[in-house]
Amino acid sequence: MKIKKANNLAGIIYPPGDKSISHRVAFISALSNGVNVIENFLLSDDTLRTLDCLGELGVEIEISEKLMIKGRGVKNFQKPRSTLYAGNSGTTIRLLSGILAGQNFNSEITGDDSLRKRPMMRIIKPLRMMGAKIEATENGTAPLKIYAVKNLNSIEYELEIPSAQVKSCIIFAGLHAEGKTKIIEKVQTRDHTERLLGLKVSSEDGKKIIEVEPGIKIENKYYLIPGDISSSAFFIVAASIIPNSHIVVKNVSLNPTRTGFIDVLRKMGAMIEFENVREVSNEQIGDVIVKSGKEINLKNLTLAGDLIPNVIDEIPVLAVAGAVAEGVFEVRNARDLRNKESDRIKAIVKNLRNMGIEIEEYEDGFSFEGGKKLKGTLIQTYGDHRIAMAFSIAGLVAEGETVIDNPECVKISFPNFYEILKNVLN
Ligand code: S3P
């Protein structure tokens, strides 16, 4: 894929369905006791892996204009005939492990080369505390072997690292537990699972407590999945760093646990407004309007501390905005970026450096002086969808030609990214 410098960005964008919510709605529908109808479900590589795994577990799924999933209840899944395959999807393997941990059959789940490098002890530890029998490789990675149990115990567990995948895994396992499971979060992470299940949430000493009651019955429902704000982030940044742009991103999730990057861009000086804000399937949704002037006058800042989990998936594209803005752009306390679909600290540092930025790498982040002219180069995506899309946006402001080494990897989360980009580019 070759990218050239753009004049501006203009038009209306309908982003694909939210990836995090699509995975969760698929799992929750499978755990329900009836037929669920789902509109705007994301059909991408990652979410298709979730549907494939559920199909292997005997869940009836029909993909047409809307998605239909017939639930089997919390316990009545079928023993899979072979190893379940989660592909590139951390959400699939970590959330599904919580469901498999409480079943009365053995199962095994694995993924692609990237997923088999990612840490799984973060879910194995709490699952074992609940009485699950689960094994990983010596390195604490997939394949995971999960053995039959009669029941799980309830636990009270404070998350050691802020992770919505770990939280959601424990919530799903908690559906099989005999007592009340309590999860304590010091730092807020995306809250889609507790919202979709309508769980009791409270706060104590600044910490959030999520309770899973034993034996809750999951109703079959109609769901409308909002557009993905993380996928929209590429266009929101593009319209903020390319002069004379004006885009409207329609019907997108505005859940406050996901919109941290918009607060960051606004602090940098970007002109971003929300319109038509409303509630759908217990999630906030609305339109995002982004405009830029004749000149780009963004100012850089430091991203660190409790903000990081809220912007974790948008750091690659925020770094691209930082390259255009004046001053020092710094990211700290983001060590977990090295455990994503690629080592994203390394990928950001390498690609920005190749585009002409002098950048310093830290174990938990990076820093550089922005406001420099980027030069087009060959971008190494490491097969990581968010690196491919973030540096495609960098290519729109770079001098000369930018080439993306593996543009197909965008199909992990956003199969029509390049088509939509072409439609709004001038
Ligand atoms: C996700 C949670 C985050 C995020 C990932 C999706 C989810 O991961 O980076 O893209 O859907 O729960 P962690 O829970 O590992 O932080």
# chains A, B, ... in the order shown; residues from 1 in each chain; ligands from 1
>>> residues_around(residues="A:Gly73", least_positions_apart="5", cutoff="6 Å", atoms="only C-alpha atoms", output="list of chain:residue names")
A:Leu31, A:Ser32, A:Asn33
>>> residues_around(residues="A:Arg353", least_positions_apart="5", cutoff="10 Å", atoms="only C-alpha atoms", output="count of residues only")
8
>>> residues_around(residues="A:Thr141", least_positions_apart="2", cutoff="9 Å", atoms="only C-alpha atoms", output="JSON, numbers by chain")
{"A": [115, 116, 117, 118, 119, 120, 121, 136, 137, 138, 139, 143, 144]}
>>> select_by_dssp(residues="stretch 5-143 of chain A", states="alpha helix (DSSP H)", output="MDAnalysis selection string")
chainID A and resid 19:31 45:56 90:100 121:129
>>> write_last_selection(atoms="N, CA and C atoms", output="short mmCIF file (atom, residue, chain, number, x, y, z; two decimals), in the first residue's frame")
data_model
loop_
_atom_site.label_atom_id
_atom_site.label_comp_id
_atom_site.auth_asym_id
_atom_site.auth_seq_id
_atom_site.Cartn_x
_atom_site.Cartn_y
_atom_site.Cartn_z
N LYS A 19 -15.15 -3.30 18.26
CA LYS A 19 -14.56 -4.64 18.39
C LYS A 19 -14.77 -5.20 19.80
N SER A 20 -14.47 -4.40 20.81
CA SER A 20 -14.62 -4.90 22.19
C SER A 20 -16.06 -5.30 22.47
N ILE A 21 -16.99 -4.46 22.04
CA ILE A 21 -18.41 -4.75 22.34
C ILE A 21 -18.87 -5.95 21.50
N SER A 22 -18.42 -6.05 20.25
CA SER A 22 -18.84 -7.19 19.41
C SER A 22 -18.43 -8.52 20.04
N HIS A 23 -17.15 -8.63 20.47
CA HIS A 23 -16.71 -9.88 21.13
C HIS A 23 -17.62 -10.20 22.32
N ARG A 24 -17.84 -9.17 23.15
CA ARG A 24 -18.60 -9.41 24.39
C ARG A 24 -20.04 -9.78 24.11
N VAL A 25 -20.67 -9.11 23.14
CA VAL A 25 -22.06 -9.43 22.82
C VAL A 25 -22.14 -10.87 22.29
N ALA A 26 -21.14 -11.29 21.52
CA ALA A 26 -21.14 -12.68 21.02
C ALA A 26 -21.07 -13.66 22.20
N PHE A 27 -20.15 -13.42 23.14
CA PHE A 27 -20.02 -14.34 24.28
C PHE A 27 -21.29 -14.33 25.14
N ILE A 28 -21.79 -13.13 25.42
CA ILE A 28 -22.95 -13.02 26.32
C ILE A 28 -24.19 -13.64 25.65
N SER A 29 -24.32 -13.46 24.33
CA SER A 29 -25.43 -14.09 23.61
C SER A 29 -25.31 -15.61 23.71
N ALA A 30 -24.09 -16.13 23.56
CA ALA A 30 -23.88 -17.58 23.63
C ALA A 30 -24.23 -18.12 25.02
N LEU A 31 -24.04 -17.28 26.05
CA LEU A 31 -24.32 -17.71 27.43
C LEU A 31 -25.80 -17.55 27.79
N ASP A 45 -11.34 -10.13 11.22
CA ASP A 45 -10.63 -11.37 11.58
C ASP A 45 -10.79 -11.73 13.06
N ASP A 46 -10.60 -10.75 13.94
CA ASP A 46 -10.64 -11.05 15.38
C ASP A 46 -12.01 -11.53 15.84
N THR A 47 -13.04 -10.83 15.44
CA THR A 47 -14.38 -11.19 15.93
C THR A 47 -14.86 -12.48 15.24
N LEU A 48 -14.38 -12.74 14.01
CA LEU A 48 -14.74 -14.00 13.37
C LEU A 48 -14.11 -15.18 14.11
N ARG A 49 -12.93 -14.95 14.71
CA ARG A 49 -12.31 -16.03 15.52
C ARG A 49 -13.21 -16.35 16.72
N THR A 50 -13.78 -15.30 17.33
CA THR A 50 -14.71 -15.54 18.45
C THR A 50 -15.91 -16.35 17.97
N LEU A 51 -16.48 -15.97 16.82
CA LEU A 51 -17.66 -16.71 16.31
C LEU A 51 -17.29 -18.15 15.97
N ASP A 52 -16.11 -18.35 15.35
CA ASP A 52 -15.67 -19.72 15.02
C ASP A 52 -15.55 -20.57 16.27
N CYS A 53 -14.91 -20.00 17.31
CA CYS A 53 -14.73 -20.76 18.57
C CYS A 53 -16.10 -21.12 19.16
N LEU A 54 -17.02 -20.16 19.14
CA LEU A 54 -18.35 -20.43 19.70
C LEU A 54 -19.05 -21.51 18.87
N GLY A 55 -18.88 -21.46 17.56
CA GLY A 55 -19.45 -22.49 16.68
C GLY A 55 -18.91 -23.87 17.06
N GLU A 56 -17.60 -23.95 17.31
CA GLU A 56 -16.97 -25.22 17.73
C GLU A 56 -17.55 -25.72 19.05
N GLY A 90 -6.42 -11.41 21.35
CA GLY A 90 -6.25 -11.51 22.80
C GLY A 90 -7.60 -11.53 23.51
N THR A 91 -8.55 -10.77 23.00
CA THR A 91 -9.87 -10.73 23.64
C THR A 91 -10.54 -12.10 23.54
N THR A 92 -10.41 -12.76 22.38
CA THR A 92 -11.03 -14.09 22.24
C THR A 92 -10.44 -15.06 23.25
N ILE A 93 -9.11 -15.18 23.29
CA ILE A 93 -8.51 -16.22 24.14
C ILE A 93 -8.74 -15.91 25.62
N ARG A 94 -8.62 -14.63 26.01
CA ARG A 94 -8.70 -14.34 27.45
C ARG A 94 -10.14 -14.40 27.95
N LEU A 95 -11.09 -13.89 27.19
CA LEU A 95 -12.48 -13.93 27.66
C LEU A 95 -13.05 -15.34 27.58
N LEU A 96 -12.73 -16.05 26.49
CA LEU A 96 -13.27 -17.40 26.34
C LEU A 96 -12.70 -18.33 27.41
N SER A 97 -11.45 -18.11 27.83
CA SER A 97 -10.87 -18.96 28.88
C SER A 97 -11.70 -18.89 30.16
N GLY A 98 -12.27 -17.73 30.45
CA GLY A 98 -13.13 -17.59 31.63
C GLY A 98 -14.37 -18.44 31.51
N ILE A 99 -14.88 -18.58 30.31
CA ILE A 99 -16.07 -19.41 30.08
C ILE A 99 -15.69 -20.89 30.12
N LEU A 100 -14.57 -21.24 29.46
CA LEU A 100 -14.15 -22.65 29.38
C LEU A 100 -13.76 -23.19 30.76
N MET A 121 -0.47 -15.50 32.13
CA MET A 121 -0.53 -15.72 33.59
C MET A 121 -1.50 -14.75 34.25
N ARG A 122 -1.69 -13.59 33.64
CA ARG A 122 -2.61 -12.59 34.22
C ARG A 122 -4.04 -13.12 34.34
N ILE A 123 -4.42 -14.07 33.46
CA ILE A 123 -5.76 -14.69 33.65
C ILE A 123 -5.65 -16.02 34.40
N ILE A 124 -4.51 -16.71 34.21
CA ILE A 124 -4.37 -18.04 34.83
C ILE A 124 -4.37 -17.93 36.36
N LYS A 125 -3.70 -16.89 36.86
CA LYS A 125 -3.60 -16.74 38.32
C LYS A 125 -5.00 -16.63 38.98
N PRO A 126 -5.83 -15.66 38.58
CA PRO A 126 -7.15 -15.60 39.22
C PRO A 126 -8.02 -16.83 38.92
N LEU A 127 -7.91 -17.38 37.71
CA LEU A 127 -8.73 -18.56 37.39
C LEU A 127 -8.35 -19.74 38.30
N ARG A 128 -7.05 -19.91 38.56
CA ARG A 128 -6.64 -20.99 39.46
C ARG A 128 -7.15 -20.74 40.88
N MET A 129 -7.15 -19.46 41.30
CA MET A 129 -7.69 -19.14 42.63
C MET A 129 -9.16 -19.54 42.72
#
>>> closest_residue(among="A:His192, A:Lys180, A:Lys200, A:His246", to="ligand 1", atoms="only C-alpha atoms and all ligand atoms")
A:His192
>>> closest_residue(among="A:Phe41, A:Ser163, A:Val290, A:Ser203", to="A:Asn339", atoms="only C-alpha atoms")
A:Ser163
>>> closest_residue(among="A:Glu39, A:Asp263, A:Glu283, A:Glu419", to="A:Ala233", atoms="only C-alpha atoms")
A:Asp263
